[in-house]
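As provided, run.txt (compact mmCIF, C-alpha atoms) reads as follows.
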```txt
# COMPACT_ATOMS: atom_id res chain seq x y z
CA MET A 1 -43.89 -9.97 10.80
CA THR A 2 -40.79 -10.82 12.85
CA VAL A 3 -38.40 -8.20 14.19
CA LEU A 4 -34.95 -8.66 15.66
CA ALA A 5 -34.41 -5.81 18.14
CA MET A 6 -31.24 -4.78 19.94
CA ASP A 7 -30.19 -2.41 22.68
CA THR A 8 -26.61 -1.56 23.64
CA SER A 9 -27.17 2.09 24.51
CA ALA A 10 -25.81 1.84 28.07
CA LYS A 11 -24.20 -0.76 30.33
CA ALA A 12 -26.71 -3.55 29.73
CA ALA A 13 -27.13 -5.24 26.35
CA SER A 14 -30.14 -7.11 25.07
CA VAL A 15 -31.60 -8.69 21.96
CA CYS A 16 -35.19 -9.68 21.33
CA LEU A 17 -37.13 -11.58 18.70
CA ALA A 18 -40.74 -10.48 18.47
CA GLU A 19 -43.87 -10.68 16.39
CA GLU A 20 -46.64 -8.06 16.58
CA ASP A 21 -48.55 -10.01 19.22
CA LYS A 22 -45.79 -12.04 20.85
CA ILE A 23 -42.32 -11.77 22.35
CA ILE A 24 -40.64 -14.89 20.97
CA GLY A 25 -37.48 -14.60 23.01
CA GLU A 26 -35.20 -12.14 24.76
CA PHE A 27 -31.61 -12.20 25.96
CA PHE A 28 -30.53 -9.52 28.45
CA ILE A 29 -27.15 -9.20 30.12
CA ASN A 30 -25.98 -6.49 32.52
CA THR A 31 -22.34 -7.14 33.29
CA GLY A 32 -20.52 -4.01 32.11
CA LEU A 33 -19.37 -2.64 28.79
CA THR A 34 -18.47 -5.66 26.74
CA HIS A 35 -21.13 -5.29 24.04
CA SER A 36 -18.63 -5.97 21.26
CA GLN A 37 -18.15 -9.43 22.80
CA THR A 38 -21.69 -10.22 23.96
CA LEU A 39 -24.09 -8.75 21.40
CA MET A 40 -23.54 -10.98 18.37
CA PRO A 41 -23.29 -14.27 20.34
CA MET A 42 -26.55 -13.29 22.08
CA ALA A 43 -28.27 -12.62 18.75
CA GLU A 44 -26.95 -15.88 17.33
CA GLN A 45 -28.01 -17.95 20.35
CA LEU A 46 -31.41 -16.32 20.51
CA CYS A 47 -32.18 -17.05 16.86
CA LYS A 48 -30.88 -20.59 17.24
CA ASN A 49 -32.84 -21.36 20.42
CA ALA A 50 -35.98 -19.79 18.99
CA GLY A 51 -35.59 -21.71 15.74
CA VAL A 52 -35.83 -18.49 13.78
CA PRO A 53 -33.10 -18.22 11.13
CA LEU A 54 -32.07 -14.70 10.17
CA ASP A 55 -33.64 -15.26 6.75
CA ASN A 56 -37.06 -15.39 8.43
CA ILE A 57 -36.66 -11.93 9.97
CA ASP A 58 -38.47 -8.99 8.38
CA ALA A 59 -36.69 -6.04 10.00
CA VAL A 60 -33.83 -5.17 12.34
CA ALA A 61 -34.58 -2.57 15.02
CA VAL A 62 -32.06 -0.84 17.26
CA ASN A 63 -31.85 1.86 19.89
CA ALA A 64 -29.93 4.36 17.76
CA GLY A 65 -29.35 6.90 20.52
CA PRO A 66 -28.99 8.87 22.58
CA GLY A 67 -26.65 6.87 24.74
CA SER A 68 -23.08 5.89 25.42
CA PHE A 69 -20.84 6.81 22.48
CA THR A 70 -19.34 3.35 22.16
CA GLY A 71 -22.54 1.50 22.99
CA VAL A 72 -24.65 3.24 20.37
CA ARG A 73 -21.99 2.67 17.71
CA ILE A 74 -21.81 -1.04 18.50
CA GLY A 75 -25.60 -1.45 18.30
CA VAL A 76 -25.98 0.55 15.11
CA ALA A 77 -23.01 -1.17 13.45
CA ALA A 78 -24.36 -4.60 14.36
CA ALA A 79 -27.84 -3.74 13.07
CA LYS A 80 -26.38 -2.34 9.84
CA GLY A 81 -24.27 -5.44 9.29
CA LEU A 82 -27.07 -7.94 9.90
CA ALA A 83 -29.59 -5.98 7.85
CA PHE A 84 -27.18 -5.42 4.97
CA ALA A 85 -26.21 -9.11 4.76
CA HIS A 86 -29.86 -10.23 4.72
CA ASP A 87 -31.23 -7.31 2.72
CA LEU A 88 -33.57 -6.16 5.49
CA PRO A 89 -35.01 -2.77 6.38
CA CYS A 90 -33.85 -1.12 9.61
CA VAL A 91 -35.85 0.72 12.24
CA ALA A 92 -34.04 3.40 14.24
CA VAL A 93 -35.67 3.73 17.65
CA SER A 94 -35.03 6.54 20.10
CA THR A 95 -33.54 4.99 23.22
CA LEU A 96 -35.69 7.27 25.36
CA GLU A 97 -38.86 6.38 23.48
CA SER A 98 -38.16 2.66 23.85
CA MET A 99 -38.04 3.15 27.64
CA ALA A 100 -41.60 4.47 27.65
CA TYR A 101 -42.73 1.08 26.35
CA ASN A 102 -41.43 -0.52 29.59
CA MET A 103 -44.40 1.09 31.32
CA LEU A 104 -47.23 0.18 28.93
CA GLY A 105 -50.43 -0.22 30.89
CA CYS A 106 -49.21 1.94 33.76
CA ASP A 107 -51.06 5.20 33.11
CA GLY A 108 -49.08 8.33 33.91
CA VAL A 109 -46.02 10.21 32.73
CA VAL A 110 -42.80 8.36 31.94
CA CYS A 111 -39.67 10.40 32.52
CA ALA A 112 -37.01 8.57 30.47
CA LEU A 113 -33.50 9.19 31.79
CA MET A 114 -29.97 8.32 30.78
CA ASP A 115 -26.92 9.50 32.68
CA ALA A 116 -24.95 11.86 30.42
CA ARG A 117 -22.41 12.62 33.22
CA CYS A 118 -21.40 15.98 34.67
CA GLY A 119 -24.88 16.53 36.13
CA GLN A 120 -26.56 16.13 32.73
CA VAL A 121 -29.16 13.66 31.58
CA TYR A 122 -30.61 12.60 28.26
CA ASN A 123 -34.32 12.91 28.76
CA ALA A 124 -37.76 12.87 27.18
CA LEU A 125 -41.25 12.76 28.66
CA PHE A 126 -44.10 10.54 27.52
CA ARG A 127 -47.69 10.08 28.61
CA VAL A 128 -48.84 6.48 28.85
CA THR A 129 -52.55 5.79 28.51
CA GLY A 130 -53.25 2.07 28.41
CA ASN A 131 -51.24 0.79 25.46
CA ARG A 132 -50.79 4.21 23.91
CA ILE A 133 -47.62 6.29 24.16
CA GLU A 134 -47.80 10.03 23.58
CA ARG A 135 -44.55 11.97 23.31
CA LEU A 136 -44.58 15.17 25.40
CA CYS A 137 -41.22 16.64 24.35
CA ASP A 138 -38.31 15.99 21.98
CA ASP A 139 -35.28 13.96 23.08
CA ARG A 140 -32.98 16.41 24.80
CA ALA A 141 -29.84 16.74 26.89
CA ILE A 142 -30.63 18.74 29.99
CA ALA A 143 -29.07 19.54 33.36
CA LEU A 144 -30.64 17.39 36.05
CA SER A 145 -31.27 20.57 38.07
CA GLU A 146 -33.32 21.99 35.16
CA LEU A 147 -35.43 18.86 34.91
CA GLN A 148 -35.99 18.97 38.63
CA LYS A 149 -37.34 22.52 38.27
CA GLU A 150 -39.72 21.37 35.53
CA LEU A 151 -41.07 18.63 37.76
CA GLN A 152 -41.74 20.98 40.68
CA GLY A 153 -45.43 21.37 41.34
CA CYS A 154 -46.44 18.40 39.23
CA THR A 155 -49.23 16.29 40.68
CA GLU A 156 -49.62 13.62 37.98
CA ARG A 157 -47.95 10.26 38.52
CA VAL A 158 -44.40 10.38 37.06
CA VAL A 159 -42.17 7.31 36.77
CA PHE A 160 -38.40 7.54 36.26
CA VAL A 161 -37.24 4.90 33.76
CA GLY A 162 -33.86 4.17 32.17
CA ASP A 163 -30.27 3.47 33.11
CA GLY A 164 -30.03 7.01 34.53
CA ALA A 165 -33.27 6.77 36.52
CA ALA A 166 -31.88 5.50 39.81
CA ILE A 167 -28.98 7.97 39.98
CA SER A 168 -31.26 10.87 38.98
CA PHE A 169 -33.83 9.84 41.55
CA LYS A 170 -31.14 9.74 44.20
CA SER A 171 -29.34 12.96 43.29
CA ALA A 172 -32.33 15.19 42.52
CA ALA A 173 -33.35 16.83 45.76
CA ASP A 174 -36.96 17.67 46.67
CA LEU A 175 -38.80 15.70 44.00
CA PRO A 176 -42.57 15.90 44.38
CA ALA A 177 -44.19 12.90 46.05
CA CYS A 178 -45.88 11.86 42.80
CA VAL A 179 -42.46 10.99 41.28
CA ARG A 180 -41.52 7.33 41.57
CA LEU A 181 -38.64 5.14 40.43
CA ALA A 182 -39.52 2.21 38.15
CA PRO A 183 -38.95 -1.21 39.74
CA MET A 184 -35.79 -3.16 38.98
CA ASN A 185 -37.43 -5.30 36.28
CA LYS A 186 -38.76 -2.26 34.40
CA VAL A 187 -36.09 0.35 34.91
CA ASN A 188 -33.57 -0.61 32.19
CA GLN A 189 -34.01 -0.08 28.50
CA THR A 190 -34.57 -3.48 26.88
CA ALA A 191 -34.70 -4.91 23.39
CA ALA A 192 -38.30 -6.07 23.98
CA SER A 193 -39.32 -2.43 24.36
CA VAL A 194 -37.26 -1.56 21.26
CA ALA A 195 -39.32 -4.17 19.40
CA LEU A 196 -42.61 -2.69 20.65
CA ALA A 197 -41.56 0.81 19.61
CA ALA A 198 -40.37 -0.57 16.26
CA PHE A 199 -43.76 -2.13 15.45
CA GLU A 200 -45.34 1.33 15.76
CA ARG A 201 -42.72 2.69 13.35
CA LEU A 202 -43.23 -0.21 10.95
CA LYS A 203 -46.99 0.42 10.92
CA ALA A 204 -46.24 3.99 9.89
CA GLY A 205 -43.75 2.79 7.23
CA ASP A 206 -40.94 4.54 9.08
CA THR A 207 -37.99 2.34 8.09
CA CYS A 208 -34.59 3.01 6.54
CA THR A 209 -31.94 1.12 4.63
CA PRO A 210 -28.88 -0.21 6.48
CA ALA A 211 -26.84 2.56 4.82
CA GLU A 212 -29.23 5.23 6.11
CA LEU A 213 -29.20 3.91 9.68
CA MET A 214 -27.04 6.26 11.75
CA PRO A 215 -26.26 6.83 15.43
CA VAL A 216 -28.16 9.75 16.94
CA TYR A 217 -26.13 11.83 19.34
CA LEU A 218 -27.49 14.71 21.36
CA ARG A 219 -25.27 17.67 22.00
CA LEU A 220 -24.67 18.29 25.66
CA PRO A 221 -25.81 21.76 26.72
CA GLN A 222 -22.70 22.45 28.73
CA ALA A 223 -22.27 25.97 27.40
CA GLN A 224 -22.31 27.24 30.96
CA ARG A 225 -19.50 24.90 31.87
CA GLU A 226 -16.00 25.28 30.48
CA LEU A 227 -14.13 22.13 29.55
CA ASN A 228 -10.68 23.68 29.69
CA LYS A 229 -10.88 25.99 32.68
CA ARG A 230 -7.72 27.88 31.80
CA MET A 231 -8.33 28.37 28.10
CA GLY A 232 -12.07 28.82 28.41
CA VAL A 233 -12.73 26.38 25.58
CA ARG A 234 -16.46 26.16 25.01
CA PRO A 235 -18.42 23.43 23.28
CA MET B 1 -2.08 16.71 49.81
CA THR B 2 1.28 14.98 49.37
CA GLU B 3 4.38 16.56 47.83
CA LEU B 4 7.18 14.33 46.55
CA LEU B 5 10.47 15.02 44.80
CA SER B 6 11.87 13.02 41.91
CA ASN B 7 15.39 13.38 40.58
CA SER B 8 15.15 10.98 37.65
CA ALA B 9 12.74 9.15 35.35
CA ALA B 10 13.30 6.02 37.47
CA GLU B 11 12.24 7.86 40.63
CA THR B 12 9.21 9.24 38.80
CA GLU B 13 8.21 5.68 37.91
CA GLN B 14 8.56 4.73 41.58
CA ILE B 15 6.14 7.48 42.60
CA GLY B 16 3.65 6.14 40.08
CA GLU B 17 4.12 2.65 41.47
CA ARG B 18 3.54 3.91 45.01
CA LEU B 19 0.30 5.60 43.99
CA ALA B 20 -0.82 2.37 42.28
CA LYS B 21 -0.63 0.53 45.61
CA THR B 22 -3.32 2.83 47.07
CA LEU B 23 -5.84 2.21 44.25
CA HIS B 24 -8.91 -0.04 44.26
CA GLY B 25 -9.43 -0.29 40.51
CA ALA B 26 -11.92 2.38 39.39
CA GLU B 27 -10.10 5.67 40.03
CA VAL B 28 -9.41 8.59 37.74
CA ILE B 29 -5.83 9.88 37.91
CA ALA B 30 -5.67 13.34 36.37
CA LEU B 31 -2.15 14.44 35.40
CA PHE B 32 -1.30 18.13 35.08
CA GLY B 33 2.03 19.38 33.77
CA GLY B 34 3.44 20.27 30.38
CA LEU B 35 5.84 18.62 27.97
CA GLY B 36 8.76 16.69 29.43
CA MET B 37 7.43 16.65 32.99
CA GLY B 38 7.47 12.85 33.12
CA LYS B 39 3.78 12.07 32.74
CA THR B 40 4.45 8.97 30.65
CA ALA B 41 7.21 7.74 33.00
CA PHE B 42 4.81 8.24 35.92
CA THR B 43 2.12 6.27 34.07
CA ARG B 44 4.62 3.50 33.28
CA GLY B 45 5.34 3.08 37.01
CA LEU B 46 1.67 3.28 37.91
CA ALA B 47 0.74 0.65 35.32
CA ARG B 48 3.55 -1.61 36.55
CA GLY B 49 2.21 -1.20 40.10
CA LEU B 50 -1.15 -2.44 38.83
CA GLY B 51 0.40 -5.54 37.29
CA VAL B 52 0.56 -4.33 33.70
CA THR B 53 3.31 -6.01 31.69
CA ASP B 54 2.44 -4.43 28.30
CA GLY B 55 4.60 -1.58 27.05
CA VAL B 56 3.35 1.85 28.11
CA SER B 57 3.62 4.69 25.64
CA SER B 58 1.94 8.03 25.26
CA PRO B 59 -1.35 7.66 23.34
CA THR B 60 -0.92 10.97 21.52
CA PHE B 61 -2.40 9.64 18.29
CA ALA B 62 -4.56 6.76 19.57
CA LEU B 63 -6.09 9.06 22.27
CA VAL B 64 -6.40 6.07 24.58
CA ASN B 65 -4.29 2.96 25.21
CA GLU B 66 -5.68 -0.02 27.08
CA TYR B 67 -3.41 -2.07 29.31
CA HIS B 68 -4.31 -5.33 30.98
CA GLY B 69 -3.16 -5.74 34.58
CA ALA B 70 -4.84 -6.81 37.81
CA VAL B 71 -7.43 -4.22 36.73
CA PRO B 72 -7.87 -2.62 33.31
CA VAL B 73 -5.84 0.58 32.89
CA TYR B 74 -6.98 3.20 30.36
CA HIS B 75 -4.27 5.68 29.44
CA PHE B 76 -5.65 8.86 27.83
CA ASP B 77 -3.89 11.75 26.16
CA MET B 78 -6.21 14.76 25.97
CA TYR B 79 -3.70 17.01 24.17
CA ARG B 80 -5.87 17.23 21.04
CA VAL B 81 -9.26 17.27 22.79
CA GLN B 82 -10.76 20.71 22.31
CA SER B 83 -14.49 20.38 22.93
CA TRP B 84 -17.15 18.37 24.75
CA ASP B 85 -17.95 16.60 21.46
CA ASP B 86 -14.27 15.63 21.07
CA LEU B 87 -14.25 14.27 24.60
CA TYR B 88 -17.51 12.34 24.15
CA SER B 89 -16.18 10.72 20.98
CA THR B 90 -13.04 9.42 22.75
CA GLY B 91 -15.44 7.20 24.72
CA PHE B 92 -14.13 8.81 27.93
CA PHE B 93 -17.52 8.62 29.67
CA ASP B 94 -17.86 4.92 28.79
CA TYR B 95 -14.53 4.09 30.44
CA LEU B 96 -15.34 5.79 33.78
CA ASP B 97 -15.99 3.26 36.60
CA ASN B 98 -14.69 0.39 34.45
CA GLY B 99 -11.03 0.55 35.40
CA VAL B 100 -8.25 2.96 36.35
CA LEU B 101 -8.13 5.97 34.04
CA VAL B 102 -4.83 7.85 33.75
CA ILE B 103 -5.24 11.13 31.92
CA GLU B 104 -2.38 13.11 30.43
CA TRP B 105 -3.15 16.75 29.60
CA SER B 106 -6.03 16.87 32.10
CA GLU B 107 -5.83 20.67 31.71
CA ASN B 108 -7.89 20.26 28.55
CA ILE B 109 -10.79 18.45 30.20
CA GLU B 110 -10.70 19.84 33.71
CA GLY B 111 -14.42 20.64 33.57
CA ALA B 112 -15.28 16.98 32.95
CA LEU B 113 -13.16 15.42 35.70
CA PRO B 114 -15.13 13.58 38.38
CA ASP B 115 -15.12 15.35 41.76
CA ASP B 116 -13.18 12.50 43.36
CA ALA B 117 -10.42 12.37 40.71
CA ILE B 118 -6.88 12.01 42.08
CA ARG B 119 -5.02 15.10 40.86
CA VAL B 120 -1.29 14.84 40.20
CA THR B 121 0.43 18.12 39.35
CA ILE B 122 4.04 17.97 38.15
CA ARG B 123 6.37 20.99 38.19
CA ARG B 124 10.03 21.46 37.40
CA GLY B 125 12.23 21.43 40.54
CA ALA B 126 15.55 23.04 41.44
CA HIS B 127 17.41 21.56 38.49
CA ASP B 128 16.66 20.21 35.00
CA GLU B 129 16.16 16.62 36.14
CA GLN B 130 14.16 17.39 39.26
CA ARG B 131 10.35 17.26 39.41
CA ILE B 132 7.95 18.19 42.18
CA PHE B 133 4.88 15.93 42.40
CA GLN B 134 1.83 17.33 44.14
CA ILE B 135 -0.78 14.61 44.75
CA GLU B 136 -4.30 15.47 45.88
CA GLY B 137 -7.05 12.96 46.64
CA ALA B 138 -4.85 10.00 47.63
CA GLU B 139 -2.76 9.19 50.70
CA LEU B 140 0.72 7.95 49.88
```
Hey, can you dump this file as structure tokens for me?
Amino acid sequence: MTVLAMDTSAKAASVCLAEEDKIIGEFFINTGLTHSQTLMPMAEQLCKNAGVPLDNIDAVAVNAGPGSFTGVRIGVAAAKGLAFAHDLPCVAVSTLESMAYNMLGCDGVVCALMDARCGQVYNALFRVTGNRIERLCDDRAIALSELQKELQGCTERVVFVGDGAAISFKSAADLPACVRLAPMNKVNQTAASVALAAFERLKAGDTCTPAELMPVYLRLPQAQRELNKRMGVRP
Amino acid sequence: MTELLSNSAAETEQIGERLAKTLHGAEVIALFGGLGMGKTAFTRGLARGLGVTDGVSSPTFALVNEYHGAVPVYHFDMYRVQSWDDLYSTGFFDYLDNGVLVIEWSENIEGALPDDAIRVTIRRGAHDEQRIFQIEGAEL
């Protein structure tokens, strides 16, 4: 089974062709928000260089959110379009869950983080044991200060992963010593990890039609913070 | 904080142009001041100062206009933005750090402005044509 996987959930964009036991090829670019220009040429080049025509693909997987509003829409729209044209099933992967797959083989807790701005992060926690990923909480939007409180007193190895990992690691004060930042080659969400997460979903038969594939947005819990200070407009 | 007086739309444009000369390319300019204060004229001057040759108009319906100058300029109108969800779906957070953001009706999204935003407050002056510009966060 061959999967074409894509990630455009934050600043970097990537596409990956993978089989269950092999990454066939991957294209990753981290140059700013130009996904609408880079994504499709990357997918086209990757398939061409790998000698895998789109007709030989069995499913299209995508990080369907949470993430940047524009980024998630571009990824989901591209996946829908490709899957619809070639009559393929889609796999919607949680961006945060895909990040956990960056750390396969590194036993411990993965703290997946995306910068949601205004001191908020999109976050989920996973326990990695060998090649197994166990989800410890639902995807959520949470104040960084809240997450920091949760991590207080923890003694297990925790690794920050995701496009929001570095900034969270820097801005969260007094993190326990067991908390580490993933290295540069593992910190970003990538399409290869989307593919790995997608194979688990495919095994479970968890696919959808292109029409059913939708972006997943998490509501920001900014109730305590007024957007319009004068009018007191609340979310 | 700098306070400047303008007596015409042309002078308002000049203030915008002066502010443009102090920018590096990834700032947020938050405009405060109601209808007819000259926010669009100010933005026109600012965009010109950043090398934009496209026409500048208020993005009341489009929510955001993109101009191409020496750096990208993103011109927002937050008049109709009422909630965090509204703001998120303008793509506002995706534009931050990727160019100069000029935001009309910043009153509506004050809680989401970055701490280092340049705040420009415009008030009516001594007569109908006069405007007082109060600029915080930039040295003119």
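Atom to atom, atom CA of A:Leu151 and atom CA of A:Asp174 stand 9.9 Å apart.
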Enumerate as a VMD selection string the residues belonging to chain B that approach chain A to within 10 Å, with only C-alpha atoms taken into account. chain B and resid 81 to 98 106 to 115
From atom CA of A:Val110 to atom CA of A:Ala124 the spacing works out at 8.3 Å
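Atom CA of B:Val102 sits 15.2 Å away from atom CA of B:Ala70.
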I'd like the neighbourhood of B:Arg123 as a VMD selection string, where a residue qualifies if any of its atoms comes within 8 Å (using only C-alpha atoms), though same-chain residues fewer than 6 positions away should be ignored. chain B and resid 33 37 131 to 133
Point out the residue among A:Leu125, A:Val52, A:Val179, A:Ile133 with the least atom-to-atom distance to A:Gly105, counting all atoms listed in the file.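 The shortest atom-to-atom distance to A:Gly105 comes from A:Ile133.
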Please provide the set of residues having any atom within 9 Å of stretch 127-130 of chain A, restricted to all atoms listed in the file, with same-chain residues fewer than 3 positions apart removed, written as an NGL selection string. :A and (100-101 or 103-111 or 133-136)
Tell me which protein, DNA and RNA residues are within 12 Å of A:Ala13, counting all atoms listed in the file, leaving out same-chain ones fewer than 2 positions away, and put them as a ChimeraX atom specification. /A:5-11,15-16,26-43,62-63,68,71-72,74-75,163,188-192,194
Using only C-alpha atoms, which residues sit within 9 Å of B:Gly55 once same-chain residues fewer than 2 positions away are excluded, as an MDAnalysis selection string? chainID B and resid 44 52:53 57 67
Among A:Ala77, A:Leu144, A:Leu181, A:Glu19, A:Asn56 is approached most closely, using all atoms listed in the file, by A:Glu19
